[in-house]
Protein chains: 4
Amino acid sequence: MPSIDLNCDLGESFGRWTLGADEALMESVSSCNIACGFHAGDPDVMRRTVRLAGRHGVAIGAHPGLPDLVGFGRRHMSVTPAEVENLVIYQTGALAAFARAEGIRLQQVKAHGALYNMAAGERALAEAMARGVASFDPSLLLLAPPGSELLRAGQAAGLPVAAEGFADRAYEPDGSLTSRCEPDAIINDLPTVLERVVRMARHGVVVTRSGVEVPMRVATICIHGDTPGAAGLARGLREGLEREGIEVRAIPG
Amino acid sequence: MPSIDLNCDLGESFGRWTLGADEALMESVSSCNIACGFHAGDPDVMRRTVRLAGRHGVAIGAHPGLPDLVGFGRRHMSVTPAEVENLVIYQTGALAAFARAEGIRLQQVKAHGALYNMAAGERALAEAMARGVASFDPSLLLLAPPGSELLRAGQAAGLPVAAEGFADRAYEPDGSLTSRCEPDAIINDLPTVLERVVRMARHGVVVTRSGVEVPMRVATICIHGDTPGAAGLARGLREGLEREGIEVRAIPG
Amino acid sequence: MPSIDLNCDLGESFGRWTLGADEALMESVSSCNIACGFHAGDPDVMRRTVRLAGRHGVAIGAHPGLPDLVGFGRRHMSVTPAEVENLVIYQTGALAAFARAEGIRLQQVKAHGALYNMAAGERALAEAMARGVASFDPSLLLLAPPGSELLRAGQAAGLPVAAEGFADRAYEPDGSLTSRCEPDAIINDLPTVLERVVRMARHGVVVTRSGVEVPMRVATICIHGDTPGAAGLARGLREGLEREGIEVRAIPG
Amino acid sequence: MPSIDLNCDLGESFGRWTLGADEALMESVSSCNIACGFHAGDPDVMRRTVRLAGRHGVAIGAHPGLPDLVGFGRRHMSVTPAEVENLVIYQTGALAAFARAEGIRLQQVKAHGALYNMAAGERALAEAMARGVASFDPSLLLLAPPGSELLRAGQAAGLPVAAEGFADRAYEPDGSLTSRCEPDAIINDLPTVLERVVRMARHGVVVTRSGVEVPMRVATICIHGDTPGAAGLARGLREGLEREGIEVRAIPG
């Protein structure tokens with residue numbers, strides 16, 4: 001029976017501010033990446049989110065970001081490889097500590113926002129991130145875009161890796177994501193999303209905006225949790241996948 | 001042969017700003033408590049300091065503080081027990097990750113500044129801190145003032161604990177530290193400091209400002225690293241202790 | 001015709017996080033206090049909120065808070081008078097700059113959360129805050145609880161002051177607010193709120209939880225903007241006051 | 001009599017951390033740019049530095065930076081023009097408030113680090129910065145590199161502008177600064193520095209690393225205050241300039 005992981009970035013509240021339908025999303029995803037305090041999240045939110053994941057049997061990941069709270073970690077910053085390595089160790093260690101306090105295994109690491117994009121495309125940063133994760137715990141699964149520098153760096157560092165696709169984003173013929181500035185970049189229609197994810201899970205391909213079918217072998221699919229309707233989309237997607245005979249489950253550790 | 005631990009709070013630089021003679025102090029102390037990013041320290045400083053301690057064979061501790069960078073964690077804040085528990089787990093986990101990345105064992109936890117004082121005196125905060133440390137790693141040694149709520153809470157939580165004395169501070173008859181606002185609160189004269197530490201290490205007593213001898217059974221002595229002359233005082237103290245036949249070494253884990 | 005000011009604390013979003021129904025509340029209040037970046041608000045949110053107030057003809061105030069973003073400025077911190085004076089100047093100046101950029105007059109200053117409470121009760125902090133405001137602009141109106149140290153300090157510093165009452169909070173016989181921990185501390189029922197505010201506006205009295213009528217001479221009434229239903233309560237209150245022949249308008253500068 | 005302004009970036013301490021020989025440098029410079037809390041500086045440091053400048057009769061500038069404390073505002077960030085405009089207004093307003101509290105006129109604005117470089121080279125950011133300054137106070141002098149987008153944007157916005165040269169940096173034939181990564185990028189030798197500054201002040205030219213003389217018409221010369229020996233270099237430079245008959249004074253406002 002084919003299977004796929006549905007992941008979502010959660011725990012992105014901060015202090016007085018609430019963001020994301022974490023409770024509802026936990027019902028549908030098989031793994032979650034929890035913000036670690038640099039771009040979102042605080043110690044109390046992290047603890048709460050780890051517990052919530054534990055109650056739902058959802059696998060836990062660290063979701064380290066750039067030190068840019070006001071920019072939500074979405075702004076490119078000219079950080080050095082050493083800075084990336086150390087901020088990944090710091091944030092992963094902090095999240096791992098809450099997992100340990102709750103008696104839960106930390107399963108994976110996925111970088112957030114600009115850090116994810118930078119590490120996907122720049123070899124030195126990709127290697128720094130992989131080195132950081134591997135030096136902390138070489139059994140952690142590293143999530144990265146298929147074909148990216150980050151995926152390669154993770155493999156080279158001896159980490160288990162998982163290529164990640166996006167349920168709600170259009171793709172270009174070269175396998176990259178369509179820029180959010182383009183029309184049709186975001187796909188919110190459940191039947192279309194489901195059809196695309198089924199094709200990725202079953203055949204390892206995706207149809208681009210221009211109608212071409214390109215390879216997209218992914219082991220995990222990201223659902224964006226901070227958009228309106230995310231919880232409904234996630235539920236519909238999970239149910240649809242199961243109807244299609246595709247099991248939704250975290251990647252075995 | 002009697003022994004005592006000399007500890008110092010290190011890694012208190014931040015970004016562009018340097019604080020403390022870490023290199024020189026590492027030569028004299030047997031353990032160090034490394035700031036974890038909330039009151040001082042950043043991921044790069046933490047990594048560097050862990051490495052430095054490793055090279056010198058100095059035992060490593062986490063030094064969690066209140067989230068108050070501009071106030072250096074010295075300002076009392078009305079935090080809840082749950083907040084204390086979680087900020088201790090977060091910061092200890094972050095520091096532990098650097099220790100793990102460097103292949104070094106994390107040995108101890110000592111709270112910083114206002115957090116140390118608050119947890120020493122308020123039972124609910126003391127219990128929260130002990131709970132946080134124990135849930136992360138029950139083999140970690142907790143440093144606390146002798147007779148404090150924090151020491152008791154650590155013991156109740158099943159943690160190994162170490163009572164801490166201060167080399168350069170005067171004491172009151174009730175065993176508390178003389179307020180820094182008082183004259184004679186700070187003792188910088190090496191022979192006096194040495195004489196006092198020898199007495200604590202050998203006989204478990206200290207002479208108060210008023211000349212009374214009171215019990216002061218401590219397993220570790222703190223040297224303040226951010227004062228001028230700290231490195232010289234530490235070296236003199238270590239040499240003096242060894243001349244007196246008192247071994248300076250970290251507390252066995 | 002009697003009149004009263006309805007004020008609300010707005011602009012409490014931060015970066016990616018949204019808080020408060022600012023647009024809707026601007027339709028009902030006559031003045032607003034805008035967060036200045038320490039406990040909430042960021043430069044973009046401040047600019048947007050100043051503009052919004054300008055479009056609605058709502059008078060603008062600075063709403064300085066303690067440097068505690070994760071705690072939303074609600075946690076007591078042991079700050080010195082000099083620190084209070086300077087953080088008030090800093091934040092008021094920053095907000096005043098946006099007012100100036102938008103061609104709007106800054107009308108008032110109201111401290112936020114723990115800073116408001118601390119300055120209300122501690123003379124040295126009250127004087128520091130008044131000194132800070134007066135040194136920046138002695139024509140600024142200072143909001144403070146009736147009978148508080150802060151009100152007295154504002155008057156002594158030569159500032160215009162306005163005593164502030166709360167629409168949705170119960171009072172004790174000594175004129176202090178009922179603790180939020182008590183039952184009946186919060187009053188959300190519009191007719192009751194309206195009746196209480198009318199009595200404060202017209203007769204300068206309020207009925208306490210225990211049924212006693214005590215003096216409560218206030219020139220401005222605070223509506224909490226971050227509670228559910230705040231916008232509806234504000235609209236109902238404004239309409240009700242106008243029906244009662246009480247004009248809702250900012251305090252003349 | 002020819003004249004030139006010597007400016008220095010000061011007030012770059014933060015909380016417990018001290019940086020720069022501000023007291024000594026104030027004796028030699030004619031204007032200073034004071035950090036505003038985003039990359040360095042805090043409200044207490046800002047107040048103290050404004051006072052110090054006032055006592056020395058040194059003209060005061062705001063020195064806004066990117067919101068990157070741990071990176072000291074030296075890391076490029078992908079900020080939008082609107083973000084730049086608002087962070088300039090915020091920081092300039094905060095510093096202006098301390099000037100006002102001390103009865104001193106704010107004279108100029110100079111961006112810090114990465115923000116200075118980004119605004120120098122990118123037109124949209126240059127215009128945003130100029131717009132921010134002009135909307136707050138169109139009489140403020142804007143410092144910018146000669147020939148830069150920022151200088152042009154300042155002029156277009158109707159601001160008085162001053163082209164800035166660097167006393168201790170080598171230049172390339174196109175008038176740009178030699179990268180710090182190159183050998184000979186930094187010039188610390190007083191006679192050489194003096195000779196170069198005299199030539200800029202008197203003839204509006206500088207000799208590049210390759211020995212070519214290129215135009216360098218500047219009204220103000222920056223001395224870096226955070227390098228060892230900065231205070232001595234500044235004193236020597238000022239004395240040398242005066243011996244050469246070049247008056248050191250702030251640009252008339």
# chains A, B, ... in the order shown; residues from 1 in each chain; ligands from 1
call {"tool": "interface_residues", "arguments": {"of": "chain B", "to": "chain C", "cutoff": "7 Å", "atoms": "only C-alpha atoms", "output": "MDAnalysis selection string"}}
result
chainID B and resid 75:79
call {"tool": "residues_around", "arguments": {"residues": "B:Leu143", "least_positions_apart": "6", "cutoff": "7 Å", "atoms": "only C-alpha atoms", "output": "MDAnalysis selection string"}}
result
chainID B and resid 109:110 161:164
call {"tool": "select_by_dssp", "arguments": {"residues": "stretch 41-247 of chain A", "states": "strand (DSSP E or B)", "output": "PyMOL selection string"}}
result
chain A and resi 59-63+77+106-109+141-144+161-166+169+171+177+186+205-207+213-215+220-223+247
call {"tool": "atom_distance", "arguments": {"atom1": "atom CA of C:Asn7", "atom2": "atom CA of C:Ile34"}}
result
10.6 Å
call {"tool": "residues_around", "arguments": {"residues": "B:Glu83", "least_positions_apart": "4", "cutoff": "8 Å", "atoms": "only C-alpha atoms", "output": "PyMOL selection string"}}
result
(chain A and resi 43-44) or (chain B and resi 79+87)
call {"tool": "write_last_selection", "arguments": {"atoms": "N, CA, C and O atoms", "output": "mmCIF file, in the first residue's frame"}}
result
data_model
loop_
_atom_site.group_PDB
_atom_site.id
_atom_site.type_symbol
_atom_site.label_atom_id
_atom_site.label_comp_id
_atom_site.auth_asym_id
_atom_site.auth_seq_id
_atom_site.Cartn_x
_atom_site.Cartn_y
_atom_site.Cartn_z
ATOM 1 N N PRO A 43 8.824 29.540 24.330
ATOM 2 C CA PRO A 43 8.902 28.286 25.090
ATOM 3 C C PRO A 43 7.545 27.711 25.483
ATOM 4 O O PRO A 43 7.349 26.487 25.432
ATOM 5 N N ASP A 44 6.600 28.564 25.841
ATOM 6 C CA ASP A 44 5.293 28.040 26.247
ATOM 7 C C ASP A 44 4.528 27.477 25.054
ATOM 8 O O ASP A 44 3.894 26.427 25.147
ATOM 9 N N VAL B 79 7.221 36.302 36.405
ATOM 10 C CA VAL B 79 6.964 35.145 35.547
ATOM 11 C C VAL B 79 6.222 34.067 36.326
ATOM 12 O O VAL B 79 6.366 33.955 37.541
ATOM 13 N N LEU B 87 11.138 28.040 30.111
ATOM 14 C CA LEU B 87 12.341 28.753 29.658
ATOM 15 C C LEU B 87 13.611 28.048 30.115
ATOM 16 O O LEU B 87 14.663 28.165 29.464
#
call {"tool": "residues_around", "arguments": {"residues": "stretch 225-228 of chain A", "least_positions_apart": "2", "cutoff": "8 Å", "atoms": "only C-alpha atoms", "output": "list in words"}}
result
Cys8, Asp9, Leu10, Leu19, Gly20, Ala21, Asp22, Leu25, Ile223, Ala230 and Ala231 of chain A
call {"tool": "atom_distance", "arguments": {"atom1": "atom CA of B:Glu102", "atom2": "atom CA of B:Met46"}}
result
11.3 Å
call {"tool": "residues_around", "arguments": {"residues": "stretch 197-208 of chain B", "least_positions_apart": "4", "cutoff": "9 Å", "atoms": "only C-alpha atoms", "output": "count of residues only"}}
result
29
call {"tool": "select_by_dssp", "arguments": {"residues": "stretch 9-219 of chain D", "states": "alpha helix (DSSP H)", "output": "PyMOL selection string"}}
result
chain D and resi 22-26+43-56+81-101+113-121+123-136+149-156+190-203
call {"tool": "write_last_selection", "arguments": {"atoms": "C-alpha atoms", "output": "PDB file, in the first residue's frame"}}
result
ATOM      1  CA  ASP D  22      32.566  57.660  23.192  1.00  0.00           C
ATOM      2  CA  GLU D  23      33.927  60.057  25.814  1.00  0.00           C
ATOM      3  CA  ALA D  24      37.291  60.385  24.133  1.00  0.00           C
ATOM      4  CA  LEU D  25      35.912  60.600  20.606  1.00  0.00           C
ATOM      5  CA  MET D  26      33.523  63.407  21.532  1.00  0.00           C
ATOM      6  CA  PRO D  43      17.041  54.186  25.575  1.00  0.00           C
ATOM      7  CA  ASP D  44      19.493  54.728  28.443  1.00  0.00           C
ATOM      8  CA  VAL D  45      22.532  54.657  26.168  1.00  0.00           C
ATOM      9  CA  MET D  46      20.826  57.060  23.758  1.00  0.00           C
ATOM     10  CA  ARG D  47      20.012  59.549  26.506  1.00  0.00           C
ATOM     11  CA  ARG D  48      23.536  59.385  27.864  1.00  0.00           C
ATOM     12  CA  THR D  49      25.094  59.828  24.446  1.00  0.00           C
ATOM     13  CA  VAL D  50      22.866  62.771  23.538  1.00  0.00           C
ATOM     14  CA  ARG D  51      23.845  64.443  26.802  1.00  0.00           C
ATOM     15  CA  LEU D  52      27.508  63.753  26.203  1.00  0.00           C
ATOM     16  CA  ALA D  53      27.303  65.273  22.733  1.00  0.00           C
ATOM     17  CA  GLY D  54      25.520  68.280  24.168  1.00  0.00           C
ATOM     18  CA  ARG D  55      28.229  68.857  26.743  1.00  0.00           C
ATOM     19  CA  HIS D  56      30.898  68.742  24.023  1.00  0.00           C
ATOM     20  CA  PRO D  81      10.860  50.250   0.743  1.00  0.00           C
ATOM     21  CA  ALA D  82       7.874  50.711   3.063  1.00  0.00           C
ATOM     22  CA  GLU D  83       9.717  48.878   5.842  1.00  0.00           C
ATOM     23  CA  VAL D  84      12.770  51.088   5.326  1.00  0.00           C
ATOM     24  CA  GLU D  85      10.696  54.258   5.366  1.00  0.00           C
ATOM     25  CA  ASN D  86       8.998  53.282   8.591  1.00  0.00           C
ATOM     26  CA  LEU D  87      12.039  52.042  10.436  1.00  0.00           C
ATOM     27  CA  VAL D  88      13.805  55.288   9.592  1.00  0.00           C
ATOM     28  CA  ILE D  89      10.893  57.359  10.891  1.00  0.00           C
ATOM     29  CA  TYR D  90      10.662  55.233  14.046  1.00  0.00           C
ATOM     30  CA  GLN D  91      14.331  55.404  14.940  1.00  0.00           C
ATOM     31  CA  THR D  92      14.830  59.026  13.945  1.00  0.00           C
ATOM     32  CA  GLY D  93      11.800  59.983  16.012  1.00  0.00           C
ATOM     33  CA  ALA D  94      13.078  58.098  19.034  1.00  0.00           C
ATOM     34  CA  LEU D  95      16.465  59.803  18.871  1.00  0.00           C
ATOM     35  CA  ALA D  96      14.905  63.190  18.168  1.00  0.00           C
ATOM     36  CA  ALA D  97      12.867  62.782  21.344  1.00  0.00           C
ATOM     37  CA  PHE D  98      16.010  62.504  23.451  1.00  0.00           C
ATOM     38  CA  ALA D  99      17.463  65.528  21.691  1.00  0.00           C
ATOM     39  CA  ARG D 100      14.291  67.457  22.489  1.00  0.00           C
ATOM     40  CA  ALA D 101      14.301  66.280  26.105  1.00  0.00           C
ATOM     41  CA  GLY D 113      25.843  49.360   8.162  1.00  0.00           C
ATOM     42  CA  ALA D 114      23.861  47.242   5.740  1.00  0.00           C
ATOM     43  CA  LEU D 115      21.055  49.803   5.607  1.00  0.00           C
ATOM     44  CA  TYR D 116      23.507  52.512   4.537  1.00  0.00           C
ATOM     45  CA  ASN D 117      24.960  50.297   1.846  1.00  0.00           C
ATOM     46  CA  MET D 118      21.588  49.092   0.607  1.00  0.00           C
ATOM     47  CA  ALA D 119      20.153  52.607   0.435  1.00  0.00           C
ATOM     48  CA  ALA D 120      23.313  53.854  -1.270  1.00  0.00           C
ATOM     49  CA  GLY D 121      22.897  51.363  -4.088  1.00  0.00           C
ATOM     50  CA  ARG D 123      17.041  53.458  -5.725  1.00  0.00           C
ATOM     51  CA  ALA D 124      13.744  52.266  -4.219  1.00  0.00           C
ATOM     52  CA  LEU D 125      15.318  51.962  -0.770  1.00  0.00           C
ATOM     53  CA  ALA D 126      17.118  55.290  -1.172  1.00  0.00           C
ATOM     54  CA  GLU D 127      13.871  57.021  -2.016  1.00  0.00           C
ATOM     55  CA  ALA D 128      12.120  55.331   0.891  1.00  0.00           C
ATOM     56  CA  MET D 129      14.758  56.528   3.310  1.00  0.00           C
ATOM     57  CA  ALA D 130      14.697  60.064   1.960  1.00  0.00           C
ATOM     58  CA  ARG D 131      10.900  60.075   2.087  1.00  0.00           C
ATOM     59  CA  GLY D 132      10.960  58.896   5.691  1.00  0.00           C
ATOM     60  CA  VAL D 133      13.410  61.588   6.791  1.00  0.00           C
ATOM     61  CA  ALA D 134      11.668  64.349   4.840  1.00  0.00           C
ATOM     62  CA  SER D 135       8.231  63.438   6.161  1.00  0.00           C
ATOM     63  CA  PHE D 136       9.529  63.683   9.705  1.00  0.00           C
ATOM     64  CA  GLU D 149      21.362  56.734  -5.125  1.00  0.00           C
ATOM     65  CA  LEU D 150      20.865  57.882  -1.564  1.00  0.00           C
ATOM     66  CA  LEU D 151      22.448  61.258  -2.165  1.00  0.00           C
ATOM     67  CA  ARG D 152      20.314  61.788  -5.250  1.00  0.00           C
ATOM     68  CA  ALA D 153      17.164  60.646  -3.473  1.00  0.00           C
ATOM     69  CA  GLY D 154      17.849  63.026  -0.608  1.00  0.00           C
ATOM     70  CA  GLN D 155      18.232  65.942  -2.992  1.00  0.00           C
ATOM     71  CA  ALA D 156      15.120  64.947  -4.910  1.00  0.00           C
ATOM     72  CA  LEU D 190      47.747  58.786  11.019  1.00  0.00           C
ATOM     73  CA  PRO D 191      50.017  60.726   8.616  1.00  0.00           C
ATOM     74  CA  THR D 192      48.517  58.886   5.636  1.00  0.00           C
ATOM     75  CA  VAL D 193      44.980  59.351   6.885  1.00  0.00           C
ATOM     76  CA  LEU D 194      45.608  63.040   7.505  1.00  0.00           C
ATOM     77  CA  GLU D 195      47.154  63.566   4.098  1.00  0.00           C
ATOM     78  CA  ARG D 196      44.168  61.897   2.423  1.00  0.00           C
ATOM     79  CA  VAL D 197      41.581  63.855   4.377  1.00  0.00           C
ATOM     80  CA  VAL D 198      43.372  67.138   3.686  1.00  0.00           C
ATOM     81  CA  ARG D 199      43.274  66.359  -0.002  1.00  0.00           C
ATOM     82  CA  MET D 200      39.578  65.514   0.108  1.00  0.00           C
ATOM     83  CA  ALA D 201      38.780  68.663   2.095  1.00  0.00           C
ATOM     84  CA  ARG D 202      40.894  71.014   0.011  1.00  0.00           C
ATOM     85  CA  HIS D 203      40.855  69.571  -3.485  1.00  0.00           C
TER      86      HIS D 203
END
call {"tool": "atom_distance", "arguments": {"atom1": "atom CA of B:Pro252", "atom2": "atom CA of B:Gly65"}}
result
24.8 Å
call {"tool": "residues_around", "arguments": {"residues": "B:Val29", "least_positions_apart": "5", "cutoff": "8 Å", "atoms": "only C-alpha atoms", "output": "ChimeraX atom specification"}}
result
/B:5-8,58,234,238,248
call {"tool": "write_last_selection", "arguments": {"atoms": "N, CA, C and O atoms", "output": "CSV table (one decimal), in the first residue's frame"}}
result
chain,number,residue,atom,x,y,z
B,5,ASP,N,34.8,22.7,43.8
B,5,ASP,CA,34.6,23.1,42.4
B,5,ASP,C,34.6,24.7,42.4
B,5,ASP,O,34.1,25.3,43.2
B,6,LEU,N,35.4,25.2,41.4
B,6,LEU,CA,35.4,26.6,41.2
B,6,LEU,C,34.5,26.8,39.9
B,6,LEU,O,34.9,26.4,38.8
B,7,ASN,N,33.4,27.5,40.0
B,7,ASN,CA,32.6,27.8,38.8
B,7,ASN,C,32.6,29.2,38.4
B,7,ASN,O,32.8,30.1,39.3
B,8,CYS,N,32.3,29.5,37.2
B,8,CYS,CA,32.3,30.9,36.7
B,8,CYS,C,31.2,31.0,35.6
B,8,CYS,O,31.1,30.0,34.8
B,58,VAL,N,37.1,21.8,31.2
B,58,VAL,CA,36.3,22.5,32.2
B,58,VAL,C,34.9,21.9,32.0
B,58,VAL,O,34.3,21.9,30.9
B,234,ALA,N,40.9,34.6,40.0
B,234,ALA,CA,40.6,33.1,39.8
B,234,ALA,C,41.9,32.3,39.8
B,234,ALA,O,42.0,31.3,40.5
B,238,ARG,N,42.8,29.6,42.7
B,238,ARG,CA,43.1,28.2,42.4
B,238,ARG,C,44.5,27.8,42.9
B,238,ARG,O,44.6,26.7,43.5
B,248,VAL,N,41.0,21.4,43.2
B,248,VAL,CA,40.0,22.2,42.5
B,248,VAL,C,39.5,21.3,41.3
B,248,VAL,O,40.3,21.0,40.4
call {"tool": "residues_around", "arguments": {"residues": "C:Ala250", "least_positions_apart": "6", "cutoff": "7 Å", "atoms": "only C-alpha atoms", "output": "PyMOL selection string"}}
result
chain C and resi 5+30-31+59
call {"tool": "decode", "arguments": {"residues": "stretch 56-74 of chain A", "atoms": "N, CA, C and O atoms", "output": "PDB file, in the first residue's frame"}}
result
ATOM      1  N   HIS A  56      -1.996  13.569  19.629  1.00  0.00           N
ATOM      2  CA  HIS A  56      -2.559  13.155  18.343  1.00  0.00           C
ATOM      3  C   HIS A  56      -1.692  12.115  17.634  1.00  0.00           C
ATOM      4  O   HIS A  56      -1.999  11.722  16.510  1.00  0.00           O
ATOM      5  N   GLY A  57      -0.579  11.726  18.244  1.00  0.00           N
ATOM      6  CA  GLY A  57       0.304  10.768  17.587  1.00  0.00           C
ATOM      7  C   GLY A  57       0.932  11.317  16.315  1.00  0.00           C
ATOM      8  O   GLY A  57       1.249  10.558  15.397  1.00  0.00           O
ATOM      9  N   VAL A  58       1.099  12.620  16.267  1.00  0.00           N
ATOM     10  CA  VAL A  58       1.714  13.264  15.102  1.00  0.00           C
ATOM     11  C   VAL A  58       3.219  13.375  15.340  1.00  0.00           C
ATOM     12  O   VAL A  58       3.649  13.804  16.412  1.00  0.00           O
ATOM     13  N   ALA A  59       4.020  12.974  14.353  1.00  0.00           N
ATOM     14  CA  ALA A  59       5.478  13.045  14.496  1.00  0.00           C
ATOM     15  C   ALA A  59       5.921  14.510  14.580  1.00  0.00           C
ATOM     16  O   ALA A  59       5.304  15.391  13.983  1.00  0.00           O
ATOM     17  N   ILE A  60       7.013  14.717  15.319  1.00  0.00           N
ATOM     18  CA  ILE A  60       7.450  16.077  15.637  1.00  0.00           C
ATOM     19  C   ILE A  60       8.740  16.426  14.914  1.00  0.00           C
ATOM     20  O   ILE A  60       9.674  15.630  14.874  1.00  0.00           O
ATOM     21  N   GLY A  61       8.777  17.650  14.381  1.00  0.00           N
ATOM     22  CA  GLY A  61      10.001  18.168  13.798  1.00  0.00           C
ATOM     23  C   GLY A  61      10.350  19.523  14.351  1.00  0.00           C
ATOM     24  O   GLY A  61       9.483  20.259  14.825  1.00  0.00           O
ATOM     25  N   ALA A  62      11.638  19.840  14.303  1.00  0.00           N
ATOM     26  CA  ALA A  62      12.070  21.207  14.615  1.00  0.00           C
ATOM     27  C   ALA A  62      11.952  22.034  13.340  1.00  0.00           C
ATOM     28  O   ALA A  62      12.199  21.543  12.239  1.00  0.00           O
ATOM     29  N   HIS A  63      11.606  23.303  13.500  1.00  0.00           N
ATOM     30  CA  HIS A  63      11.355  24.189  12.358  1.00  0.00           C
ATOM     31  C   HIS A  63      12.151  25.478  12.569  1.00  0.00           C
ATOM     32  O   HIS A  63      11.589  26.539  12.812  1.00  0.00           O
ATOM     33  N   PRO A  64      13.478  25.357  12.467  1.00  0.00           N
ATOM     34  CA  PRO A  64      14.308  26.533  12.769  1.00  0.00           C
ATOM     35  C   PRO A  64      14.196  27.606  11.686  1.00  0.00           C
ATOM     36  O   PRO A  64      14.032  27.297  10.503  1.00  0.00           O
ATOM     37  N   GLY A  65      14.312  28.861  12.105  1.00  0.00           N
ATOM     38  CA  GLY A  65      14.212  29.988  11.185  1.00  0.00           C
ATOM     39  C   GLY A  65      15.277  31.026  11.455  1.00  0.00           C
ATOM     40  O   GLY A  65      16.065  30.907  12.401  1.00  0.00           O
ATOM     41  N   LEU A  66      15.313  32.042  10.635  1.00  0.00           N
ATOM     42  CA  LEU A  66      16.252  33.139  10.835  1.00  0.00           C
ATOM     43  C   LEU A  66      15.824  33.969  12.044  1.00  0.00           C
ATOM     44  O   LEU A  66      14.649  34.002  12.391  1.00  0.00           O
ATOM     45  N   PRO A  67      16.776  34.656  12.665  1.00  0.00           N
ATOM     46  CA  PRO A  67      16.438  35.476  13.842  1.00  0.00           C
ATOM     47  C   PRO A  67      15.760  36.771  13.401  1.00  0.00           C
ATOM     48  O   PRO A  67      16.364  37.834  13.407  1.00  0.00           O
ATOM     49  N   ASP A  68      14.498  36.678  13.028  1.00  0.00           N
ATOM     50  CA  ASP A  68      13.779  37.829  12.471  1.00  0.00           C
ATOM     51  C   ASP A  68      12.308  37.681  12.824  1.00  0.00           C
ATOM     52  O   ASP A  68      11.484  37.296  11.997  1.00  0.00           O
ATOM     53  N   LEU A  69      12.005  38.019  14.054  1.00  0.00           N
ATOM     54  CA  LEU A  69      10.646  37.829  14.561  1.00  0.00           C
ATOM     55  C   LEU A  69       9.666  38.737  13.829  1.00  0.00           C
ATOM     56  O   LEU A  69       8.595  38.302  13.411  1.00  0.00           O
ATOM     57  N   VAL A  70      10.036  39.999  13.665  1.00  0.00           N
ATOM     58  CA  VAL A  70       9.094  40.947  13.065  1.00  0.00           C
ATOM     59  C   VAL A  70       8.858  40.613  11.592  1.00  0.00           C
ATOM     60  O   VAL A  70       7.796  40.896  11.049  1.00  0.00           O
ATOM     61  N   GLY A  71       9.832  39.984  10.957  1.00  0.00           N
ATOM     62  CA  GLY A  71       9.685  39.593   9.556  1.00  0.00           C
ATOM     63  C   GLY A  71       9.244  38.149   9.386  1.00  0.00           C
ATOM     64  O   GLY A  71       9.179  37.656   8.263  1.00  0.00           O
ATOM     65  N   PHE A  72       8.956  37.460  10.499  1.00  0.00           N
ATOM     66  CA  PHE A  72       8.463  36.079  10.492  1.00  0.00           C
ATOM     67  C   PHE A  72       9.426  35.160   9.743  1.00  0.00           C
ATOM     68  O   PHE A  72       9.021  34.146   9.159  1.00  0.00           O
ATOM     69  N   GLY A  73      10.710  35.505   9.772  1.00  0.00           N
ATOM     70  CA  GLY A  73      11.703  34.637   9.145  1.00  0.00           C
ATOM     71  C   GLY A  73      11.569  34.525   7.637  1.00  0.00           C
ATOM     72  O   GLY A  73      12.117  33.602   7.044  1.00  0.00           O
ATOM     73  N   ARG A  74      10.858  35.471   7.054  1.00  0.00           N
ATOM     74  CA  ARG A  74      10.625  35.380   5.602  1.00  0.00           C
ATOM     75  C   ARG A  74      11.566  36.274   4.803  1.00  0.00           C
ATOM     76  O   ARG A  74      11.520  36.280   3.579  1.00  0.00           O
TER      77      ARG A  74
END
